Amino acid sequence: MSSHMQPLPDTVFNDFASYRDLLDSLPTYVWMGDAEMNLVYSNKNLLAYTGQSEEEALGTGWIAALHPGELEHVLAFVEDAVINQKPRSVEFRLRRYDDEHFWMKAEVAPKFDGNGNASGYICVINNVDESYKAREADRRERQKFELAAEGSTDGLYHWPDVNSPNVWLSDRLWAVLGREPDAEFTFEDWANLVHPDDRDEYRKYVDHCVEQDVPFETNYRIRHVDGNYRWYRARAGYRRDAAGRCIQMAGSVQDVDDYHRLTAQLQREQ
């Protein structure tokens with residue numbers, strides 16, 4: 001994974017003494033190492049976080065602050081940055097002074113000499129524990145949803161964040177719509193597929209169910225890729241935050257066109 005950091009020339013390291021006070025004052029964490037990945041500097045903020053003294057961290061001592069499961073992963077990324085002289089970023093777990101581990105993101109920039117030879121690296125690290133765990137929780141929820149979608153005869157959809165436009169559709173729902181799966185699909189894309197005569201009522205119904213916290217179930221027409229409209233029965237459920245605001249929506253869509261047309265025909269005959 002590339003980052004915005006660029007390889008650093010030796011002049012930065014040769015004049016390191018003038019930068020040390022600045023690096024020690026940064027609110028972020030900084031490591032510097034040589035071509036053999038021995039640590040030559042750790043800023044005070046990072047030493048305070050890990051609980052290591054400078055003597056403990058230098059050389060290969062910094063490895064003790066990594067989660068045991070992250071060692072090979074981190075070393076491979078740093079080595080790749082140094083040998084190939086390309087910036088890299090990596091997420092890993094770092095041990096805090098109280099032996100708790102938290103997820104960090106490191107931006108690794110290689111150091112090179114005037115001849116273009118790899119001679120070390122600088123690593124800027126930030127705590128991303130909350131965002132990483134939130135992403136993992138969302139991924140696990142998505143896996144559960146996708147597993148449920150595989151076993152359902154209905155098309156399923158998931159709007160994971162109602163403040164974001166993107167909506168996830170199951171493969172079966174793409175097939176129901178007669179469309180090829182698309183990486184990006186929004187609530188507006190869906191609303192635009194609704195028959196023009198049903199669209200305003202559909203939007204009002206969605207808003208009403210969300211605001212009143214009532215179950216969503218209604219029939220309306222959706223346009224297929226061939227331009228024809230078919231009747232569907234849509235259901236939805238909601239997830240709310242502590243303040244009662246709707247934050248997620250998920251549900252199913254079932255093709256009921258044949259049933260709807262047959263019912264209409266019977267009503268006309270009666």
# chains A, B, ... in the order shown; residues from 1 in each chain; ligands from 1

$ residues_around --residues "A:Asp99" --least-positions-apart "4" --cutoff "12 Å" --atoms "only C-alpha atoms" --output "PyMOL selection string"
chain A and resi 49-52+64-67+93-95

$ write_last_selection --atoms "N, CA and C atoms" --output "tab-separated table (two decimals), in the first residue's frame"
chain	number	residue	atom	x	y	z
A	49	TYR	N	4.38	5.86	25.49
A	49	TYR	CA	3.25	4.98	25.17
A	49	TYR	C	3.59	3.52	25.45
A	50	THR	N	4.74	3.07	24.98
A	50	THR	CA	5.11	1.66	25.14
A	50	THR	C	5.67	1.36	26.53
A	51	GLY	N	6.11	2.40	27.22
A	51	GLY	CA	6.70	2.17	28.54
A	51	GLY	C	8.15	1.72	28.47
A	52	GLN	N	8.76	1.73	27.29
A	52	GLN	CA	10.16	1.35	27.13
A	52	GLN	C	11.07	2.55	27.37
A	64	ALA	N	9.85	-5.88	20.87
A	64	ALA	CA	9.12	-6.35	22.05
A	64	ALA	C	7.80	-5.60	22.24
A	65	ALA	N	7.69	-4.41	21.62
A	65	ALA	CA	6.46	-3.62	21.77
A	65	ALA	C	5.39	-4.04	20.76
A	66	LEU	N	5.76	-4.88	19.79
A	66	LEU	CA	4.78	-5.35	18.82
A	66	LEU	C	3.97	-6.50	19.39
A	67	HIS	N	2.73	-6.62	18.93
A	67	HIS	CA	1.96	-7.81	19.25
A	67	HIS	C	2.67	-9.01	18.59
A	93	ARG	N	-0.78	-4.10	15.60
A	93	ARG	CA	-1.07	-3.90	17.01
A	93	ARG	C	0.21	-3.60	17.79
A	94	LEU	N	0.14	-2.57	18.61
A	94	LEU	CA	1.28	-2.14	19.41
A	94	LEU	C	0.92	-2.22	20.88
A	95	ARG	N	1.87	-2.71	21.68
A	95	ARG	CA	1.62	-2.87	23.12
A	95	ARG	C	1.79	-1.54	23.84

$ closest_residue --among "A:Ala76, A:Leu47, A:Val128, A:Leu193" --to "A:Asp24" --atoms "only C-alpha atoms"
A:Leu47

$ residues_around --residues "stretch 234-237 of chain A" --least-positions-apart "3" --cutoff "9 Å" --atoms "only C-alpha atoms" --output "list in words"
Tyr157, Val214, Pro215, Phe216, Glu217, Thr218, Asn219, Tyr220, Gln248, Met249, Ala250, Gly251, Ser252, Val253, Gln254 and Asp255 of chain A

$ residues_around --residues "A:Glu130" --least-positions-apart "3" --cutoff "12 Å" --atoms "only C-alpha atoms" --output "list of chain:residue names"
A:Phe102, A:Trp103, A:Met104, A:Lys105, A:Asn126, A:Asn127, A:Lys133, A:Ala134, A:Arg135, A:Glu136, A:Ala137

$ write_last_selection --atoms "C-alpha atoms" --output "short mmCIF file (atom, residue, chain, number, x, y, z; two decimals), in the first residue's frame"
data_model
loop_
_atom_site.label_atom_id
_atom_site.label_comp_id
_atom_site.auth_asym_id
_atom_site.auth_seq_id
_atom_site.Cartn_x
_atom_site.Cartn_y
_atom_site.Cartn_z
CA PHE A 102 -4.05 -1.23 20.23
CA TRP A 103 -4.19 -0.92 16.46
CA MET A 104 -1.81 1.56 14.87
CA LYS A 105 -1.18 2.73 11.32
CA ASN A 126 -0.86 7.02 14.60
CA ASN A 127 -3.45 5.31 16.80
CA LYS A 133 -12.35 -2.01 15.20
CA ALA A 134 -15.34 -0.21 13.69
CA ARG A 135 -14.29 -1.40 10.23
CA GLU A 136 -13.85 -4.95 11.49
CA ALA A 137 -17.25 -4.90 13.19
#

$ residues_around --residues "stretch 225-227 of chain A" --least-positions-apart "6" --cutoff "9 Å" --atoms "only C-alpha atoms" --output "list in words"
Leu177, Gly178 and Arg179 of chain A

$ closest_atom_pairs --of "stretch 17-40 of chain A" --to "stretch 57-62 of chain A" --cutoff "12 Å" --atoms "only C-alpha atoms" --output "JSON lines"
{"residue": "A:Val30", "atom": "CA", "partner": "A:Trp62", "partner_atom": "CA", "distance": 11.8}
{"residue": "A:Trp31", "atom": "CA", "partner": "A:Trp62", "partner_atom": "CA", "distance": 9.1}
{"residue": "A:Met32", "atom": "CA", "partner": "A:Leu58", "partner_atom": "CA", "distance": 9.6}
{"residue": "A:Gly33", "atom": "CA", "partner": "A:Gly59", "partner_atom": "CA", "distance": 8.3}
{"residue": "A:Asp34", "atom": "CA", "partner": "A:Gly59", "partner_atom": "CA", "distance": 9.2}
{"residue": "A:Ala35", "atom": "CA", "partner": "A:Gly59", "partner_atom": "CA", "distance": 11.6}
{"residue": "A:Glu36", "atom": "CA", "partner": "A:Gly59", "partner_atom": "CA", "distance": 9.4}
{"residue": "A:Met37", "atom": "CA", "partner": "A:Thr60", "partner_atom": "CA", "distance": 7.7}
{"residue": "A:Asn38", "atom": "CA", "partner": "A:Gly59", "partner_atom": "CA", "distance": 4.4}
{"residue": "A:Leu39", "atom": "CA", "partner": "A:Gly59", "partner_atom": "CA", "distance": 4.7}
{"residue": "A:Val40", "atom": "CA", "partner": "A:Leu58", "partner_atom": "CA", "distance": 5.7}

$ atom_distance --atom1 "atom CA of A:Ser25" --atom2 "atom CA of A:Val82"
25.9 Å

$ select_by_dssp --residues "stretch 87-179 of chain A" --states "alpha helix (DSSP H)" --output "VMD selection string"
chain A and resid 129 to 150 171 to 176

$ atom_distance --atom1 "atom CA of A:Pro87" --atom2 "atom CA of A:Glu107"
7.3 Å

$ residues_around --residues "A:Ser170" --least-positions-apart "4" --cutoff "7 Å" --atoms "only C-alpha atoms" --output "list in words"
Ala149, Gly155, Leu156, Tyr157 and Trp174 of chain A

$ write_last_selection --atoms "N, CA and C atoms" --output "compact mmCIF listing (two decimals), in the first residue's frame"
# COMPACT_ATOMS: atom_id res chain seq x y z
N ALA A 149 -28.00 -13.66 2.85
CA ALA A 149 -28.48 -13.38 1.50
C ALA A 149 -28.38 -14.62 0.62
N GLY A 155 -34.38 -10.87 -2.77
CA GLY A 155 -33.22 -10.01 -2.89
C GLY A 155 -33.08 -9.18 -1.62
N LEU A 156 -31.86 -9.08 -1.09
CA LEU A 156 -31.63 -8.35 0.15
C LEU A 156 -30.80 -7.09 -0.12
N TYR A 157 -31.07 -6.08 0.69
CA TYR A 157 -30.27 -4.86 0.59
C TYR A 157 -29.90 -4.38 1.98
N TRP A 174 -29.61 -8.16 -7.51
CA TRP A 174 -29.15 -7.73 -8.84
C TRP A 174 -29.81 -8.57 -9.92

$ closest_residue --among "A:Glu188, A:Gln267, A:Tyr202, A:Val176" --to "A:Tyr229" --atoms "only C-alpha atoms"
A:Val176

$ closest_residue --among "A:Glu141, A:Arg239, A:Trp231, A:Glu100" --to "A:Leu262" --atoms "only C-alpha atoms"
A:Trp231

$ atom_distance --atom1 "atom CA of A:Ile83" --atom2 "atom CA of A:Ala118"
6.0 Å

$ residues_around --residues "A:Val108" --least-positions-apart "5" --cutoff "8 Å" --atoms "only C-alpha atoms" --output "PyMOL selection string"
chain A and resi 5+78+81+87-90+121-124

$ select_by_dssp --residues "stretch 49-130 of chain A" --states "strand (DSSP E)" --output "PyMOL selection string"
chain A and resi 88-95+101-112+118-127
